[in-house]
Amino acid sequence: MSAEGRCKEEKEDGEDRKPVIKPGVHVTLKVQDTDGHSVYRTMRRTDKLQGLMDFYYASVPAVARGTGRFLYDGGRLSGEETPAQLEMDDGDEVDFFTELMGGGGWVAGSVPA
């Protein structure tokens, strides 16, 4: 039977296929930002964290892509890292901080007139 035929049969059976979340294989992480937005994402421990970062940006349209930093246990995250490499546990929290741009501030040695 063709793959198309199998898909039709599964739909006719009325079975909704839901992803199976296996303990130890998957981890649910929370991204919390300074504005109070919380985003939860379940992913494989071997998936790159870039997927979590992309999901956060897609879920919070008020935040432009690339305008902040993701931190875990006080260290900056790279999209190439995985939860397994960082020994993340189910329910761990990743913090998101919007980058603040400085400029035009006080310069040492200058005295206002």
# chains A, B, ... in the order shown; residues from 1 in each chain; ligands from 1
$ residues_around --residues "stretch 83-92 of chain A" --least-positions-apart "2" --cutoff "9 Å" --atoms "only C-alpha atoms" --output "PyMOL selection string"
chain A and resi 23-24+26-31+40+42-49+72+81+94
$ select_by_dssp --residues "stretch 25-113 of chain A" --states "helix (DSSP H, G or I)" --output "list in words"
Gln50, Gly51, Leu52, Met53, Asp54, Phe55, Tyr56, Tyr57, Ala58 and Ser59 of chain A
$ atom_distance --atom1 "atom CA of A:Glu80" --atom2 "atom CA of A:Val60"
21.6 Å
$ residues_around --residues "A:Gly74" --least-positions-apart "3" --cutoff "12 Å" --atoms "only C-alpha atoms" --output "PyMOL selection string"
chain A and resi 69-71+77+93-97
$ select_by_dssp --residues "stretch 21-98 of chain A" --states "strand (DSSP E or B)" --output "list in words"
Pro23, His26, Val27, Thr28, Leu29, Lys30, Val31, Gln32, Asp33, Ser38, Val39, Tyr40, Arg41, Thr42, Met43, Arg44, Gly68, Arg69, Phe70, Leu71, Tyr72, Gly75, Arg76, Glu93, Val94, Asp95, Phe96, Phe97 and Thr98 of chain A
